[in-house]
Amino acid sequence: MRTVQATIDIHTHYVPKGWPDLERETGGSGPWPWLRSDSEREAMLMLGSTEYRPLRAAAWAAEERLAAMDVDGVDVQVVSPTPLFFSYARETTEAMKVSRIFNDLALEVCAPAPQRLIPFCQVPLQDTDAACRELDRCLENGHVGVEIGNHVGDRDLDDEGIIAFLQHCADRNAAVFVHPWDMPSSPRLERWMARWLVGMPGETHLSILSLILGGGFDRLPPHLRLCFAHGGGSFPYWVGRMDNAWHQRPDLIATSEFPPSHYLNRFSVDSAVFNHASLRLLVDVMGSEHIMLGSDFPYPLGERPAGNLIRQAEFLTNEQQRQMLGGNAQQFLGIDSGVTMLAEKKAAS
Ligand code: CO
């Protein structure tokens with residue numbers, strides 16, 4: 001029998017078409033995100049009175065999303081929250097309400113195609129117990145994993161409370177997708193899109209480093225399924241510099257059992273690097289078994305057609321492409337049977 005590999009995009013976002021007034025629902029003072037509907041198929045994501053990001057219907061409408069997936073040759077998408085809604089700086093009760101509202105709406109967004117749209121939830125990560133409770137509720141309701149921001153204020157991923165949450169994810173076998181957000185701002189970073197182009201890769205780099213040097217990976221079980229967005233940010237490029245520092249200045253940074261490069265097999269990254277030289281470096285450093293297609297659909301800094309960087313990379317073997325386009329994601333998500341069925345149906349038609 002011919003083995004068919006489903007193509008799985010593990011980095012996409014949704015925004016629902018409207019939600020309850022968050023100031024009224026939470027009692028917390030604004031500005032809160034809301035959706036200004038500009039037409040049937042266009043809307044503006046607003047933060048208070050500020051225009052945050054223009055959106056098209058693919059953000060909320062399953063049929064638009066599925067049509068784009070068909071064009072790109074993507075069988076399955078992991079559909080994650082848009083980080084603006086994380087609300088980690090809010091009171092726990094407010095963040096809990098926001099999480100519940102959006103997590104329930106995510107199920108509605110994905111409901112028309114349960115085999116093709118896989119919802120990831122958000123949690124109030126500022127409060128470990130609340131975050132674990134919301135994760136449990138979501139796993140019962142059909143979410144397959146969780147997307148978390150790469151930090152909670154000044155707390156990095158090695159924070160005791162966040163480690164406890166990650167331990168809970170490992171216990172529940174829930175996949176974790178780490179997305180940069182809440183990037184530092186300054187006049188220098190407000191030009192162009194510097195917070196996205198420089199800030200985001202640096203944020204992701206720091207959060208991986210914090211899990212290593214803060215002893216996170218030494219404490220967490222190896223079966224925790226963890227993936228970082230945007231190719232792991234600048235981390236993979238600089239792993240040699242970090243190893244060198246670990247050996248040269250052990251007084252400052254040899255706080256982990258092993259040097260940083262030792263931990264490269266403890267996490268995955270997505271393929272959203274947009275350049276074959278970068279993808280080649282990623283494969284050399286991380287290994288193809290730790291890279292998964294991630295497009296950042298439907299946002300403007302995403303890859304379209306999703307997956308073409310991998311498909312057109314001549315330096316990859318067929319097996320490596322198969323792994324990166326879907327095989328690794330099937331393991332990451334623990335969804336073997338459903339997507340295989342889907343891919344076989346496609347091959348048969
Ligand atoms: Co993204």
# chains A, B, ... in the order shown; residues from 1 in each chain; ligands from 1
call {"tool": "residues_near_ligand", "arguments": {"ligand": "ligand 1", "cutoff": "10 Å", "atoms": "only C-alpha atoms and all ligand atoms", "output": "CSV table (one decimal) with C-alpha atoms, in the first residue's frame"}}
result
chain,number,residue,atom,x,y,z
A,10,ILE,CA,1.0,23.9,12.6
A,11,HIS,CA,1.2,27.7,12.7
A,12,THR,CA,-2.1,29.5,11.8
A,13,HIS,CA,-4.3,31.9,13.7
A,14,TYR,CA,-8.0,32.7,13.9
A,80,SER,CA,-4.3,29.0,17.3
A,81,PRO,CA,-5.3,32.2,19.1
A,82,THR,CA,-4.1,35.6,18.0
A,83,PRO,CA,-1.7,36.6,20.8
A,178,VAL,CA,5.1,29.0,21.8
A,179,HIS,CA,4.5,32.3,20.0
A,180,PRO,CA,6.4,35.5,20.5
A,181,TRP,CA,4.3,38.5,21.6
A,229,ALA,CA,7.3,29.8,16.1
A,230,HIS,CA,9.3,31.4,13.3
A,272,ALA,CA,8.4,30.1,8.7
A,294,GLY,CA,4.2,26.6,9.9
A,295,SER,CA,2.9,29.4,7.7
A,296,ASP,CA,1.4,32.1,10.0
A,297,PHE,CA,-1.7,32.0,7.9
A,298,PRO,CA,-3.8,34.2,7.4
A,299,TYR,CA,-1.5,37.1,8.3
A,301,LEU,CA,3.9,38.1,7.2
A,302,GLY,CA,2.9,34.5,6.5
call {"tool": "select_by_dssp", "arguments": {"residues": "region 98-339 of chain A", "states": "strand (DSSP E)", "output": "ChimeraX atom specification"}}
result
/A:117-121,145-149,175-179,226-228,268-270,291-292
call {"tool": "write_last_selection", "arguments": {"atoms": "C-alpha atoms", "output": "mmCIF file, in the first residue's frame"}}
result
data_model
loop_
_atom_site.group_PDB
_atom_site.id
_atom_site.type_symbol
_atom_site.label_atom_id
_atom_site.label_comp_id
_atom_site.auth_asym_id
_atom_site.auth_seq_id
_atom_site.Cartn_x
_atom_site.Cartn_y
_atom_site.Cartn_z
ATOM 1 C CA LEU A 117 -9.066 22.377 11.490
ATOM 2 C CA ILE A 118 -7.469 21.549 14.819
ATOM 3 C CA PRO A 119 -8.035 24.099 17.575
ATOM 4 C CA PHE A 120 -5.374 25.109 20.080
ATOM 5 C CA CYS A 121 -6.530 26.994 23.158
ATOM 6 C CA GLY A 145 -3.057 21.642 22.394
ATOM 7 C CA VAL A 146 -2.297 25.102 23.669
ATOM 8 C CA GLU A 147 -0.601 28.192 22.283
ATOM 9 C CA ILE A 148 1.244 30.239 24.892
ATOM 10 C CA GLY A 149 3.010 33.575 24.670
ATOM 11 C CA ALA A 175 1.125 19.847 22.516
ATOM 12 C CA VAL A 176 2.453 23.342 23.288
ATOM 13 C CA PHE A 177 3.090 25.997 20.640
ATOM 14 C CA VAL A 178 5.135 28.984 21.848
ATOM 15 C CA HIS A 179 4.489 32.252 20.028
ATOM 16 C CA LEU A 226 7.054 21.848 22.509
ATOM 17 C CA CYS A 227 7.308 23.891 19.317
ATOM 18 C CA PHE A 228 8.574 27.442 18.825
ATOM 19 C CA SER A 268 10.700 21.675 17.526
ATOM 20 C CA VAL A 269 10.451 24.817 15.424
ATOM 21 C CA ASP A 270 8.263 25.761 12.490
ATOM 22 C CA ILE A 291 11.001 21.112 11.927
ATOM 23 C CA MET A 292 7.312 21.373 11.005
#
call {"tool": "select_by_dssp", "arguments": {"residues": "region 23-185 of chain A", "states": "helix (DSSP H, G or I)", "output": "PyMOL selection string"}}
result
chain A and resi 23-26+57-59+62-72+83-85+92-110+128-141+160-171
call {"tool": "residues_around", "arguments": {"residues": "Asp284 (chain A)", "least_positions_apart": "5", "cutoff": "10 Å", "atoms": "only C-alpha atoms", "output": "ChimeraX atom specification"}}
result
/A:236,278-279
call {"tool": "atom_distance", "arguments": {"atom1": "CA of Thr26 (chain A)", "atom2": "CA of Pro184 (chain A)"}}
result
26.3 Å
call {"tool": "closest_residue", "arguments": {"among": "A:Gln320, A:Ser49, A:Gln122, A:Ser288", "to": "Phe85 (chain A)", "atoms": "only C-alpha atoms"}}
result
A:Gln122
call {"tool": "residues_around", "arguments": {"residues": "Pro201 (chain A)", "least_positions_apart": "5", "cutoff": "10 Å", "atoms": "only C-alpha atoms", "output": "VMD selection string"}}
result
chain A and resid 180 183 195 to 196 206 229 to 235
call {"tool": "closest_atom_pairs", "arguments": {"of": "region 96-140 of chain A", "to": "region 65-73 of chain A", "cutoff": "12 Å", "atoms": "only C-alpha atoms", "output": "CSV"}}
result
residue,atom,partner,partner_atom,distance
A:Val109,CA,A:Arg65,CA,9.9
A:Cys110,CA,A:Arg65,CA,9.9
A:Pro112,CA,A:Leu66,CA,9.7
A:Ala113,CA,A:Leu66,CA,8.3
A:Pro114,CA,A:Leu66,CA,11.4
A:Gln115,CA,A:Leu66,CA,11.3
A:Arg116,CA,A:Leu66,CA,8.1
A:Leu117,CA,A:Leu66,CA,8.6
call {"tool": "atom_distance", "arguments": {"atom1": "CA of Glu160 (chain A)", "atom2": "CA of His262 (chain A)"}}
result
21.9 Å
call {"tool": "residues_around", "arguments": {"residues": "region 133-137 of chain A", "least_positions_apart": "2", "cutoff": "8 Å", "atoms": "only C-alpha atoms", "output": "PyMOL selection string"}}
result
chain A and resi 96+99-100+121-124+129-131+139-141+146
call {"tool": "atom_distance", "arguments": {"atom1": "CA of Glu42 (chain A)", "atom2": "CA of Ala58 (chain A)"}}
result
9.4 Å
call {"tool": "closest_residue", "arguments": {"among": "A:Gly202, A:Glu91, A:Glu108, A:His151", "to": "Trp60 (chain A)", "atoms": "only C-alpha atoms"}}
result
A:Glu108
call {"tool": "closest_residue", "arguments": {"among": "A:Pro222, A:Pro20, A:Gly240, A:Pro260", "to": "Asp171 (chain A)", "atoms": "only C-alpha atoms"}}
result
A:Pro222
